[in-house]
Every structure is written in C-alpha cells, then in structure tokens.
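Single-structure report; data block below.
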Amino acid sequence: MLRHLRGLADAELPAYVYDLAALRRHSRAIRALLPDRVDLFYAAKANSDPRLLHVLGEHVDGFEVASAGELRHVRQLLPKASIAFGGPGKSAVELAQALDEGVERLHLESEHELRILTELVGERTVDVLLRVNLPFSLGQLPLVMGGWPSPFGMDPAHLDGCLRLLATHPRIRLRGIHAHLASGLDAPDQLALVEQVIAWADRWAGEHQLNLSEVNVGGGMGVDYTEPERIFDWSAFGTGLRRVLADHPALTVRIEPGRSISAYCGWYVTQVLDVKRSRGEAFAVLRGGTHHLRTPAAKGHDQPFEIIPSDTWPWPWTRSEAHREPATLVGQLCTPKDVLARQIPVNRLRAGDRVAFAMAGAYAWNISHHGFLMHPEPRFSYLDDERPPTSLAAVEDVRKTTDGAGGRLVRHSC
Ligand SMILES: Cc1ncc(COP(=O)(O)O)c(C=O)c1O
C-alpha cells in the first residue's frame, strides 16, 4: 500500500485510496467467524462508496440504510441485496419509498412512524422491528445512543401503544426488536450486551405472548484509533454468539456494523505544504484537512499516520522540517479545529513529504464538510490485488528504504 501511495503523482493528492482486496479478506473472515443464525448487515452510513459496497455485497447478508438516499443508492448498485431501513427520523415519503422498494426490514423508531406506516401499507406486507432504547447502563463509550434519554428508538413504555396498533394491522408483521445502543464496544462487552438484549426481548415477548424470531443488536463493534492493531475479536464474538444461540433455537441475531468493517481499508494521503514553528511547537500544514477527513475532529482523536518521505523539493531554499520532536498535523482550513493529529513524535517531517492517514475507510470522506473554503476534492483510487499490501512486512520494507522518517507505524491490514 505505501509503495502505491508513494507512486502517486503530486497532482493526484490529496487522495483517498481504498484497499479492496483487504476489505474483501476482512469481510470474508468476519462472515466466516459468525454462526449461520447471525445475519451480518453492513451499515452503509459508514462508507457507501460504490466500489466498497460491491465488494461487501459478496460477503455480507445485507445492508442497513438510514435514509431514502442510501436506500436508492444501495438498490441501484445491488438490486438483489437485502436491505434493512433504519434511522431516527423517517418522513412519510421515505416510508412510502421503503414500501415501494420492498425493503426486507423496516426498523421503526416511534409509534408515530408506525402510525404513518399503517396509512401507507395498503395491500402490501412489511416486516418490522421496533427499535427500543433499553435501560442498560453502558459506561464510558465513544458514542452512546441509548440507555439514557435519547432520540433513538423508543422507551420500553411506548411499546404497548405499538403492539395495540400492530394487532389491528396484520400486514405489518412484527419480527422482533432492534437495539443499537452504542459504538466502541470490545467483543466481551458487545457479547454481554447481546445477552442482555436477548434476555430483555425474551421477557418482553413472554409477557405479551409474542413470538419474536429476530433480535437486531445494531453495530458498534469497537475500532481503536490509538492502537490500530487491536481489532475487534470477531472470533471470540462468534464463539459467544454460537453459545447464546444454542439456548435460543428459533432466534436469528442480526448485527449491522459499519466502522469495524470498512475503517481499515481506507487511506487518506496528502502532502506537507509547510512546517511552521509557533511558540516552540512544530505544526505541519497539509494540503487538504478535516473537510476531507473529519473523523479525528468528530471523534476527538489523533488519526494514525505514516510519513512517506519525498525527495522532490522544487524551491531553491531549504525545506522546513520537524526533527525528533512532536508535530501537530493540521489542514488548510481557517479554523483551529482543523487538526488531524496532535503532538505526535516524529523523527523527521519535512515540507514536501507525504503523510498517509490510515483507518480512513469509515465515517471519513462521507461525514466531512466538503464545501467549507471550496478547496478541491480529493481523488479516489482503488487497489485490488490479492497480495496483502499493508502487511507488516510491506510496511517494514518501506520503512527500511525511507531512512526511518517516523510517525506512527500502522501495523494492521484489514
Ligand atoms: C442504527 C445503527 N446501526 C448501526 C450503526 C453502525 O455503527 P458502527 O459503525 O459503530 O458499527 C449505527 C451507527 O450510528 C447505527 O446508528
């Protein structure tokens, strides 16, 4: 991968580069580690790049979409794919589109949504899950969407109203419960949460004499930007799910991860325009910035990166550099929030060098504020050979030939 990034022309930067072979291996491995009665849906909101979706279409059981736009996009690209339609606010137009498109599941977030659906459903049938904000304590996690007052899903107390409506509308078939509560969980915590959700759903179904065939526990499998090699333990999660499902022979568990599937295969590569010093601190100003890669600003982390030294320097004066010191990597925007990584020790980072940010395949380009300052958009390129281009060996190879420029070594291939 880094070899490929070095081979890009300056004029091609900034660029997103997606390693499709790595994505294929990663998604195939995840699917293989999960039991049969776990349906793996990819949350398209994480990255709906068409080439990525095509690769994922070979290995996941379907796609979770959260708007009519995502629904149309996935339908056009993969007409046969199973689609689950969620999202905290759906308009009547969107619900009508979901019915017209024949989505496989509709995740209803309120009684109001269900009421609209009763008006629209007509002679059709639709399978729904009710999204519940379950009263579980989730602790300190990066993104918590439930367990406390939140606009996501409905409180358990509001389910009774939905059941009354469903009883008079048999064409809207309740298949089960949906509970995406948080993002950033490791495998043991995610498994514990699944067990809690299933136990709750069992109890609730028993109290109301319902036959639930499905529990969707959402996504949120952890991705660690500070330790890229510490990936979610899909093997332990799969083993745990197998044990849980053995006690529930009629149940299907659905998961809909996004970040943990596509984060690792994306790179954002750009160039250092200038290295400045302010009050003794080094700042590397890059072409591009958080209007292309908002993830570090949105999540408040340092995006892991690799420095790719470049010997091309077109000017007759000496290049500015940071040398064996911490450097803060910023973009071109007129805001102090345009920071991609803060005070990271580097051996050497010079104006003209390249910086390749790893883990830029999820909630990266598609969540960024592209229009701010009207800089050019990045280019997109795709690698698709079956060799492991981001393997440790490849990274070490490049390091040996780059006089140890430093930065963060990303020892992970997805
Ligand atoms: C309902 C729902 N499902 C799945 C996801 C995907 O979460 P992640 O990308 O953390 O796996 C999200 C993310 O916000 C979500 O809201």
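Ligands are numbered from 1 in the order shown, residues from 1 within each chain, and chains are lettered A, B, ... in the order they appear in the structure tokens.
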
Return as a tab-separated table the residues of region 220-328 of chain A lying at most 6 Å from region 360-372 of chain A, together with the closest atom-to-atom pair for each and the distance in Å to one decimal, counting only C-alpha atoms, with rows in chain order and ascending residue number.
```
residue	atom	partner	partner_atom	distance
A:Arg259	CA	A:Ala362	CA	5.2
A:Ser262	CA	A:Gly361	CA	5.2
A:Ala263	CA	A:Gly361	CA	3.9
A:Tyr264	CA	A:Gly361	CA	5.9
A:Cys265	CA	A:Gly361	CA	5.5
A:Gly266	CA	A:Gly361	CA	3.7
A:Trp267	CA	A:Ala360	CA	5.0
A:His291	CA	A:His369	CA	4.8
A:His292	CA	A:Trp365	CA	5.3
A:Leu293	CA	A:Ala364	CA	4.9
A:Arg294	CA	A:Ser368	CA	4.9
A:Thr295	CA	A:Ala364	CA	5.3
```

Filtering to C-alpha atoms, could you give me those residues as a PDB file, in the first residue's frame?
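The new file selection.pdb reads:
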```
ATOM      1  CA  ARG A 259     -16.848   1.191  11.212  1.00  0.00           C
ATOM      2  CA  SER A 262     -14.593  -0.618   6.416  1.00  0.00           C
ATOM      3  CA  ALA A 263     -12.356   1.628   8.577  1.00  0.00           C
ATOM      4  CA  TYR A 264      -9.157  -0.294   7.995  1.00  0.00           C
ATOM      5  CA  CYS A 265      -9.189  -0.436   4.213  1.00  0.00           C
ATOM      6  CA  GLY A 266      -9.135   3.330   3.614  1.00  0.00           C
ATOM      7  CA  TRP A 267      -6.139   5.669   3.471  1.00  0.00           C
ATOM      8  CA  HIS A 291     -13.018  18.935   5.201  1.00  0.00           C
ATOM      9  CA  HIS A 292     -11.793  15.701   3.596  1.00  0.00           C
ATOM     10  CA  LEU A 293     -11.207  13.634   6.723  1.00  0.00           C
ATOM     11  CA  ARG A 294     -13.363  14.841   9.574  1.00  0.00           C
ATOM     12  CA  THR A 295     -13.017  11.665  11.644  1.00  0.00           C
TER      13      THR A 295
END
```

Surroundings of ligand 1 up to 8 Å, based on only C-alpha atoms and all ligand atoms, as a tab-separated table (two decimals) with all heavy atoms, in the first residue's frame:
```
chain	number	residue	atom	x	y	z
A	42	TYR	N	-24.19	-4.69	6.66
A	42	TYR	CA	-23.20	-3.60	6.73
A	42	TYR	C	-23.96	-2.27	6.81
A	42	TYR	O	-24.87	-2.03	6.01
A	42	TYR	CB	-22.30	-3.63	5.48
A	42	TYR	CG	-21.41	-2.42	5.34
A	42	TYR	CD1	-20.36	-2.20	6.22
A	42	TYR	CD2	-21.62	-1.48	4.32
A	42	TYR	CE1	-19.53	-1.08	6.09
A	42	TYR	CE2	-20.80	-0.37	4.18
A	42	TYR	CZ	-19.76	-0.18	5.08
A	42	TYR	OH	-18.95	0.92	4.95
A	43	ALA	N	-23.59	-1.44	7.78
A	43	ALA	CA	-24.23	-0.13	7.92
A	43	ALA	C	-23.65	0.81	6.86
A	43	ALA	O	-22.51	1.29	7.00
A	43	ALA	CB	-24.00	0.43	9.32
A	45	LYS	N	-24.01	3.76	6.16
A	45	LYS	CA	-23.64	5.12	6.59
A	45	LYS	C	-22.14	5.23	6.86
A	45	LYS	O	-21.58	6.31	6.78
A	45	LYS	CB	-24.44	5.54	7.82
A	45	LYS	CG	-24.18	4.68	9.06
A	45	LYS	CD	-24.95	5.17	10.27
A	45	LYS	CE	-26.39	4.76	10.28
A	45	LYS	NZ	-26.66	3.30	10.48
A	46	ALA	N	-21.48	4.12	7.17
A	46	ALA	CA	-20.05	4.19	7.49
A	46	ALA	C	-19.25	4.58	6.25
A	46	ALA	O	-18.30	5.37	6.33
A	46	ALA	CB	-19.55	2.85	8.03
A	64	GLU	N	-27.68	-2.16	5.94
A	64	GLU	CA	-28.57	-1.30	6.71
A	64	GLU	C	-28.44	0.10	6.16
A	64	GLU	O	-27.33	0.61	5.99
A	64	GLU	CB	-28.18	-1.32	8.20
A	64	GLU	CG	-29.16	-0.57	9.09
A	64	GLU	CD	-28.67	0.79	9.56
A	64	GLU	OE1	-27.51	1.17	9.28
A	64	GLU	OE2	-29.46	1.51	10.20
A	66	ALA	N	-30.05	4.25	6.21
A	66	ALA	CA	-30.70	5.13	7.20
A	66	ALA	C	-31.32	6.36	6.54
A	66	ALA	O	-31.54	7.37	7.21
A	66	ALA	CB	-29.70	5.53	8.28
A	86	GLY	N	-33.36	1.76	8.63
A	86	GLY	CA	-33.49	2.32	9.97
A	86	GLY	C	-33.35	3.83	9.94
A	86	GLY	O	-33.58	4.46	8.91
A	87	GLY	N	-32.96	4.40	11.05
A	87	GLY	CA	-32.77	5.85	11.13
A	87	GLY	C	-33.81	6.49	12.03
A	87	GLY	O	-34.97	6.10	12.01
A	145	MET	N	-25.97	5.83	22.30
A	145	MET	CA	-27.24	6.24	21.69
A	145	MET	C	-28.44	5.77	22.49
A	145	MET	O	-29.57	5.98	22.09
A	145	MET	CB	-27.34	5.67	20.29
A	145	MET	CG	-26.34	6.28	19.35
A	145	MET	SD	-26.45	5.46	17.78
A	145	MET	CE	-26.04	6.78	16.70
A	179	ALA	N	-31.99	-2.97	18.82
A	179	ALA	CA	-31.40	-2.21	19.93
A	179	ALA	C	-29.95	-1.87	19.64
A	179	ALA	O	-29.04	-2.50	20.18
A	179	ALA	CB	-31.51	-3.01	21.23
A	180	HIS	N	-29.71	-0.89	18.78
A	180	HIS	CA	-28.35	-0.37	18.63
A	180	HIS	C	-28.18	0.68	19.72
A	180	HIS	O	-28.81	1.74	19.68
A	180	HIS	CB	-28.16	0.26	17.25
A	180	HIS	CG	-26.85	0.99	17.11
A	180	HIS	ND1	-25.69	0.38	16.70
A	180	HIS	CD2	-26.52	2.28	17.34
A	180	HIS	CE1	-24.70	1.26	16.68
A	180	HIS	NE2	-25.18	2.43	17.06
A	182	ALA	N	-24.90	1.59	21.35
A	182	ALA	CA	-23.63	2.31	21.49
A	182	ALA	C	-22.63	1.83	20.47
A	182	ALA	O	-22.77	0.76	19.89
A	182	ALA	CB	-23.06	2.08	22.89
A	183	SER	N	-21.60	2.64	20.27
A	183	SER	CA	-20.48	2.25	19.42
A	183	SER	C	-19.21	2.24	20.24
A	183	SER	O	-19.07	3.02	21.19
A	183	SER	CB	-20.32	3.23	18.26
A	183	SER	OG	-21.33	3.03	17.32
A	184	GLY	N	-18.29	1.38	19.89
A	184	GLY	CA	-16.99	1.36	20.53
A	184	GLY	C	-16.82	0.25	21.55
A	184	GLY	O	-15.96	0.33	22.42
A	218	GLY	N	-27.68	-4.15	16.41
A	218	GLY	CA	-27.01	-3.00	15.83
A	218	GLY	C	-25.55	-3.24	15.51
A	218	GLY	O	-25.11	-4.38	15.32
A	219	GLY	N	-24.81	-2.13	15.46
A	219	GLY	CA	-23.37	-2.22	15.17
A	219	GLY	C	-22.59	-1.81	16.41
A	219	GLY	O	-22.96	-2.18	17.51
A	220	GLY	N	-21.53	-1.03	16.20
A	220	GLY	CA	-20.79	-0.50	17.34
A	220	GLY	C	-19.60	-1.34	17.76
A	220	GLY	O	-19.01	-1.09	18.82
A	221	MET	N	-19.21	-2.35	16.95
A	221	MET	CA	-18.04	-3.14	17.30
A	221	MET	C	-16.81	-2.21	17.28
A	221	MET	O	-16.58	-1.48	16.31
A	221	MET	CB	-17.86	-4.29	16.30
A	221	MET	CG	-18.92	-5.37	16.42
A	221	MET	SD	-20.55	-4.76	15.90
A	221	MET	CE	-21.61	-6.11	16.31
A	222	GLY	N	-16.03	-2.28	18.34
A	222	GLY	CA	-15.01	-1.27	18.57
A	222	GLY	C	-13.89	-1.22	17.55
A	222	GLY	O	-13.47	-2.24	17.00
A	255	ILE	N	-26.70	-8.34	13.15
A	255	ILE	CA	-25.80	-7.26	13.53
A	255	ILE	C	-25.61	-6.37	12.32
A	255	ILE	O	-25.74	-6.82	11.17
A	255	ILE	CB	-24.44	-7.78	14.06
A	255	ILE	CG1	-23.72	-8.65	13.00
A	255	ILE	CG2	-24.64	-8.59	15.34
A	255	ILE	CD1	-22.31	-9.02	13.40
A	256	GLU	N	-25.31	-5.09	12.57
A	256	GLU	CA	-25.14	-4.17	11.44
A	256	GLU	C	-23.95	-3.23	11.69
A	256	GLU	O	-24.12	-2.02	11.81
A	256	GLU	CB	-26.44	-3.39	11.19
A	256	GLU	CG	-27.06	-2.80	12.44
A	256	GLU	CD	-28.47	-2.26	12.24
A	256	GLU	OE1	-29.24	-2.86	11.47
A	256	GLU	OE2	-28.80	-1.23	12.87
A	257	PRO	N	-22.73	-3.80	11.75
A	257	PRO	CA	-21.55	-2.97	11.95
A	257	PRO	C	-21.20	-2.16	10.72
A	257	PRO	O	-21.51	-2.57	9.59
A	257	PRO	CB	-20.45	-4.00	12.25
A	257	PRO	CG	-20.93	-5.29	11.70
A	257	PRO	CD	-22.41	-5.23	11.61
A	258	GLY	N	-20.58	-1.03	10.93
A	258	GLY	CA	-20.09	-0.22	9.81
A	258	GLY	C	-18.60	0.01	9.97
A	258	GLY	O	-17.78	-0.52	9.22
A	259	ARG	N	-18.24	0.77	11.02
A	259	ARG	CA	-16.85	1.19	11.21
A	259	ARG	C	-15.88	0.01	11.24
A	259	ARG	O	-14.84	0.02	10.59
A	259	ARG	CB	-16.75	1.97	12.53
A	259	ARG	CG	-15.46	2.72	12.71
A	259	ARG	CD	-15.37	3.36	14.10
A	259	ARG	NE	-16.45	4.26	14.38
A	259	ARG	CZ	-16.47	5.56	14.11
A	259	ARG	NH1	-15.43	6.10	13.52
A	259	ARG	NH2	-17.51	6.32	14.41
A	260	SER	N	-16.25	-1.04	11.99
A	260	SER	CA	-15.31	-2.16	12.18
A	260	SER	C	-15.13	-2.96	10.90
A	260	SER	O	-14.21	-3.77	10.81
A	260	SER	CB	-15.82	-3.08	13.30
A	260	SER	OG	-17.14	-3.49	13.01
A	261	ILE	N	-15.97	-2.72	9.91
A	261	ILE	CA	-15.80	-3.43	8.63
A	261	ILE	C	-14.94	-2.62	7.66
A	261	ILE	O	-14.00	-3.13	7.08
A	261	ILE	CB	-17.18	-3.77	8.02
A	261	ILE	CG1	-17.87	-4.81	8.89
A	261	ILE	CG2	-17.03	-4.27	6.58
A	261	ILE	CD1	-19.14	-5.39	8.33
A	362	ALA	N	-13.95	4.61	7.10
A	362	ALA	CA	-15.31	4.69	7.67
A	362	ALA	C	-15.52	6.05	8.31
A	362	ALA	O	-14.61	6.57	8.98
A	362	ALA	CB	-15.51	3.60	8.72
A	363	TYR	N	-16.70	6.60	8.12
A	363	TYR	CA	-17.05	7.91	8.68
A	363	TYR	C	-15.90	8.89	8.41
A	363	TYR	O	-15.43	9.57	9.33
A	363	TYR	CB	-17.33	7.82	10.17
A	363	TYR	CG	-18.41	6.80	10.51
A	363	TYR	CD1	-18.08	5.56	11.07
A	363	TYR	CD2	-19.75	7.07	10.25
A	363	TYR	CE1	-19.05	4.63	11.36
A	363	TYR	CE2	-20.73	6.12	10.54
A	363	TYR	CZ	-20.38	4.91	11.10
A	363	TYR	OH	-21.35	3.99	11.40
```

### Query
So which residues of region 268-321 of chain A fall under helix (DSSP H, G or I) by DSSP, listed as a PyMOL selection string?
chain A and resi 295-299

### Query
Tell me, which residues of region 89-269 of chain A carry DSSP strand (DSSP E), written as number ranges by chain?
A: 105-108, 126-131, 143-144, 172-178, 182-183, 214-216, 252-255, 266-269

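Nearest to Asn216 (chain A) of all the residues A:Arg72, A:Arg105, A:Arg3, A:Arg31 is A:Arg105, based on only C-alpha atoms.
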
### Message
Please list as a count of residues only every residue within 10 Å of Val55 (chain A), counting only C-alpha atoms and excluding residues in the same chain fewer than 2 positions away.
### Response
15

#### Entry: Contacts of Leu5 (chain A) within 12 Å, only C-alpha atoms, excl. fewer than 4 positions in-chain, as a PyMOL selection string
chain A and resi 1+9-10+12-19+266-271+306-310+353-358+380-383+389-390+395+398

Write out the residues from the selection above, keeping N, CA and C atoms, as an mmCIF file, in the first residue's frame.
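Everything below was put into part.cif:
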```cif
data_model
loop_
_atom_site.group_PDB
_atom_site.id
_atom_site.type_symbol
_atom_site.label_atom_id
_atom_site.label_comp_id
_atom_site.auth_asym_id
_atom_site.auth_seq_id
_atom_site.Cartn_x
_atom_site.Cartn_y
_atom_site.Cartn_z
ATOM 1 N N MET A 1 0.828 -1.208 0.000
ATOM 2 C CA MET A 1 0.000 0.000 0.000
ATOM 3 C C MET A 1 0.868 1.266 0.000
ATOM 4 N N ALA A 9 1.266 10.666 -8.271
ATOM 5 C CA ALA A 9 1.863 11.953 -8.636
ATOM 6 C C ALA A 9 1.386 13.015 -7.655
ATOM 7 N N ASP A 10 2.202 14.049 -7.456
ATOM 8 C CA ASP A 10 1.797 15.130 -6.547
ATOM 9 C C ASP A 10 0.431 15.680 -6.935
ATOM 10 N N GLU A 12 -2.004 14.239 -7.969
ATOM 11 C CA GLU A 12 -3.112 13.345 -7.606
ATOM 12 C C GLU A 12 -3.491 13.465 -6.129
ATOM 13 N N LEU A 13 -2.780 14.301 -5.401
ATOM 14 C CA LEU A 13 -3.035 14.434 -3.971
ATOM 15 C C LEU A 13 -3.864 15.686 -3.692
ATOM 16 N N PRO A 14 -4.602 15.708 -2.603
ATOM 17 C CA PRO A 14 -4.868 14.626 -1.667
ATOM 18 C C PRO A 14 -5.717 13.542 -2.321
ATOM 19 N N ALA A 15 -5.576 12.333 -1.803
ATOM 20 C CA ALA A 15 -6.336 11.220 -2.382
ATOM 21 C C ALA A 15 -6.795 10.265 -1.288
ATOM 22 N N TYR A 16 -7.923 9.682 -1.536
ATOM 23 C CA TYR A 16 -8.341 8.519 -0.762
ATOM 24 C C TYR A 16 -7.963 7.281 -1.554
ATOM 25 N N VAL A 17 -7.361 6.342 -0.889
ATOM 26 C CA VAL A 17 -7.041 5.085 -1.550
ATOM 27 C C VAL A 17 -7.694 3.966 -0.746
ATOM 28 N N TYR A 18 -8.469 3.166 -1.433
ATOM 29 C CA TYR A 18 -9.157 2.055 -0.768
ATOM 30 C C TYR A 18 -8.542 0.741 -1.202
ATOM 31 N N ASP A 19 -8.222 -0.059 -0.225
ATOM 32 C CA ASP A 19 -7.640 -1.366 -0.489
ATOM 33 C C ASP A 19 -8.775 -2.397 -0.534
ATOM 34 N N GLY A 266 -9.254 2.019 4.253
ATOM 35 C CA GLY A 266 -9.135 3.330 3.614
ATOM 36 C C GLY A 266 -7.923 4.108 4.098
ATOM 37 N N TRP A 267 -7.279 4.784 3.164
ATOM 38 C CA TRP A 267 -6.139 5.669 3.471
ATOM 39 C C TRP A 267 -6.417 7.041 2.864
ATOM 40 N N TYR A 268 -6.046 8.056 3.598
ATOM 41 C CA TYR A 268 -6.127 9.424 3.065
ATOM 42 C C TYR A 268 -4.695 9.919 2.987
ATOM 43 N N VAL A 269 -4.235 10.182 1.762
ATOM 44 C CA VAL A 269 -2.827 10.551 1.604
ATOM 45 C C VAL A 269 -2.716 11.962 1.049
ATOM 46 N N THR A 270 -1.796 12.697 1.632
ATOM 47 C CA THR A 270 -1.630 14.072 1.203
ATOM 48 C C THR A 270 -0.179 14.507 1.419
ATOM 49 N N GLN A 271 0.057 15.795 1.306
ATOM 50 C CA GLN A 271 1.422 16.291 1.270
ATOM 51 C C GLN A 271 1.587 17.441 2.265
ATOM 52 N N GLU A 306 1.298 7.498 8.648
ATOM 53 C CA GLU A 306 2.644 7.076 8.268
ATOM 54 C C GLU A 306 3.249 8.189 7.415
ATOM 55 N N ILE A 307 4.506 8.494 7.671
ATOM 56 C CA ILE A 307 5.172 9.518 6.851
ATOM 57 C C ILE A 307 5.847 8.845 5.664
ATOM 58 N N ILE A 308 5.642 9.414 4.484
ATOM 59 C CA ILE A 308 6.301 8.889 3.283
ATOM 60 C C ILE A 308 7.226 10.000 2.775
ATOM 61 N N PRO A 309 8.513 9.884 3.087
ATOM 62 C CA PRO A 309 9.421 10.971 2.689
ATOM 63 C C PRO A 309 9.454 11.151 1.177
ATOM 64 N N SER A 310 9.586 12.386 0.751
ATOM 65 C CA SER A 310 9.698 12.664 -0.685
ATOM 66 C C SER A 310 10.921 13.535 -0.900
ATOM 67 N N ASP A 353 7.096 16.302 2.124
ATOM 68 C CA ASP A 353 6.867 14.878 2.415
ATOM 69 C C ASP A 353 5.386 14.554 2.296
ATOM 70 N N ARG A 354 5.112 13.266 2.177
ATOM 71 C CA ARG A 354 3.718 12.827 2.150
ATOM 72 C C ARG A 354 3.325 12.252 3.500
ATOM 73 N N VAL A 355 2.051 12.364 3.789
ATOM 74 C CA VAL A 355 1.534 11.747 5.011
ATOM 75 C C VAL A 355 0.337 10.902 4.605
ATOM 76 N N ALA A 356 0.369 9.637 5.016
ATOM 77 C CA ALA A 356 -0.741 8.734 4.692
ATOM 78 C C ALA A 356 -1.481 8.412 5.993
ATOM 79 N N PHE A 357 -2.704 8.882 6.083
ATOM 80 C CA PHE A 357 -3.509 8.600 7.268
ATOM 81 C C PHE A 357 -4.218 7.263 7.071
ATOM 82 N N ALA A 358 -4.055 6.400 8.054
ATOM 83 C CA ALA A 358 -4.684 5.081 7.984
ATOM 84 C C ALA A 358 -6.072 5.131 8.597
ATOM 85 N N PHE A 380 -9.953 9.700 -5.771
ATOM 86 C CA PHE A 380 -10.227 8.388 -5.173
ATOM 87 C C PHE A 380 -9.568 7.321 -6.019
ATOM 88 N N SER A 381 -8.845 6.434 -5.387
ATOM 89 C CA SER A 381 -8.324 5.315 -6.174
ATOM 90 C C SER A 381 -8.482 4.030 -5.372
ATOM 91 N N TYR A 382 -8.409 2.930 -6.084
ATOM 92 C CA TYR A 382 -8.776 1.628 -5.509
ATOM 93 C C TYR A 382 -7.696 0.626 -5.855
ATOM 94 N N LEU A 383 -7.267 -0.101 -4.847
ATOM 95 C CA LEU A 383 -6.296 -1.171 -5.075
ATOM 96 C C LEU A 383 -7.026 -2.485 -4.961
ATOM 97 N N PRO A 389 -1.066 -5.774 0.656
ATOM 98 C CA PRO A 389 -0.172 -4.631 0.519
ATOM 99 C C PRO A 389 0.101 -3.885 1.820
ATOM 100 N N THR A 390 -0.754 -4.015 2.834
ATOM 101 C CA THR A 390 -0.469 -3.285 4.067
ATOM 102 C C THR A 390 0.048 -4.206 5.157
ATOM 103 N N VAL A 395 5.123 -2.844 5.250
ATOM 104 C CA VAL A 395 5.356 -1.566 5.942
ATOM 105 C C VAL A 395 6.818 -1.475 6.363
ATOM 106 N N VAL A 398 9.109 -0.655 3.502
ATOM 107 C CA VAL A 398 9.108 0.746 3.110
ATOM 108 C C VAL A 398 9.898 1.557 4.124
#
```

### Query
Leaving out region 151-166 of chain A and any residue of its chain fewer than 3 positions from it, which residues lie within 12 Å of it when counting only C-alpha atoms, given as a PyMOL selection string?
chain A and resi 86-90+107-119+126-136+144-148+169-182+200-201+204-205+207-210+218

Same residues, C-alpha atoms, output as a short mmCIF file (atom, residue, chain, number, x, y, z; two decimals), in the first residue's frame:
```cif
data_model
loop_
_atom_site.label_atom_id
_atom_site.label_comp_id
_atom_site.auth_asym_id
_atom_site.auth_seq_id
_atom_site.Cartn_x
_atom_site.Cartn_y
_atom_site.Cartn_z
CA GLY A 86 -33.49 2.32 9.97
CA GLY A 87 -32.77 5.85 11.13
CA PRO A 88 -34.23 8.04 13.87
CA GLY A 89 -36.49 10.19 11.68
CA LYS A 90 -38.26 8.89 8.59
CA HIS A 107 -36.81 -0.50 11.83
CA LEU A 108 -39.48 1.63 13.43
CA GLU A 109 -38.33 4.24 15.89
CA SER A 110 -41.63 5.57 17.28
CA GLU A 111 -45.36 4.99 17.42
CA HIS A 112 -45.73 7.97 15.09
CA GLU A 113 -43.68 6.17 12.40
CA LEU A 114 -45.80 3.09 12.85
CA ARG A 115 -48.99 5.15 12.51
CA ILE A 116 -47.77 6.59 9.19
CA LEU A 117 -46.96 3.09 8.05
CA THR A 118 -50.49 1.90 8.84
CA GLU A 119 -51.76 4.63 6.49
CA VAL A 126 -43.94 -5.37 5.56
CA ASP A 127 -41.70 -6.91 8.22
CA VAL A 128 -40.71 -4.59 11.02
CA LEU A 129 -38.53 -4.42 14.10
CA LEU A 130 -39.29 -1.99 16.90
CA ARG A 131 -36.19 -0.08 17.98
CA VAL A 132 -36.06 0.15 21.76
CA ASN A 133 -33.95 2.37 23.97
CA LEU A 134 -33.29 -0.24 26.63
CA PRO A 135 -32.47 0.86 30.17
CA PHE A 136 -28.97 -0.61 30.30
CA VAL A 144 -23.80 6.22 23.30
CA MET A 145 -27.24 6.24 21.69
CA GLY A 146 -29.32 4.55 24.32
CA GLY A 147 -29.55 3.61 27.97
CA TRP A 148 -30.44 7.19 28.86
CA HIS A 169 -52.77 -4.16 11.16
CA PRO A 170 -51.74 -7.75 10.42
CA ARG A 171 -49.97 -6.72 7.21
CA ILE A 172 -47.32 -5.05 9.35
CA ARG A 173 -45.56 -8.06 10.81
CA LEU A 174 -43.52 -7.68 13.95
CA ARG A 175 -40.41 -9.81 13.59
CA GLY A 176 -38.53 -8.62 16.64
CA ILE A 177 -36.63 -5.96 18.48
CA HIS A 178 -33.83 -3.64 17.41
CA ALA A 179 -31.40 -2.21 19.93
CA HIS A 180 -28.35 -0.37 18.63
CA LEU A 181 -27.27 1.28 21.86
CA ALA A 182 -23.63 2.31 21.49
CA TRP A 200 -34.92 -8.49 27.81
CA ALA A 201 -36.60 -9.37 24.48
CA TRP A 204 -40.96 -8.85 27.00
CA ALA A 205 -42.17 -11.31 24.37
CA GLU A 207 -45.23 -11.04 28.93
CA HIS A 208 -47.08 -10.18 25.72
CA GLN A 209 -47.37 -13.69 24.29
CA LEU A 210 -45.37 -12.72 21.22
CA GLY A 218 -27.01 -3.00 15.83
#
```
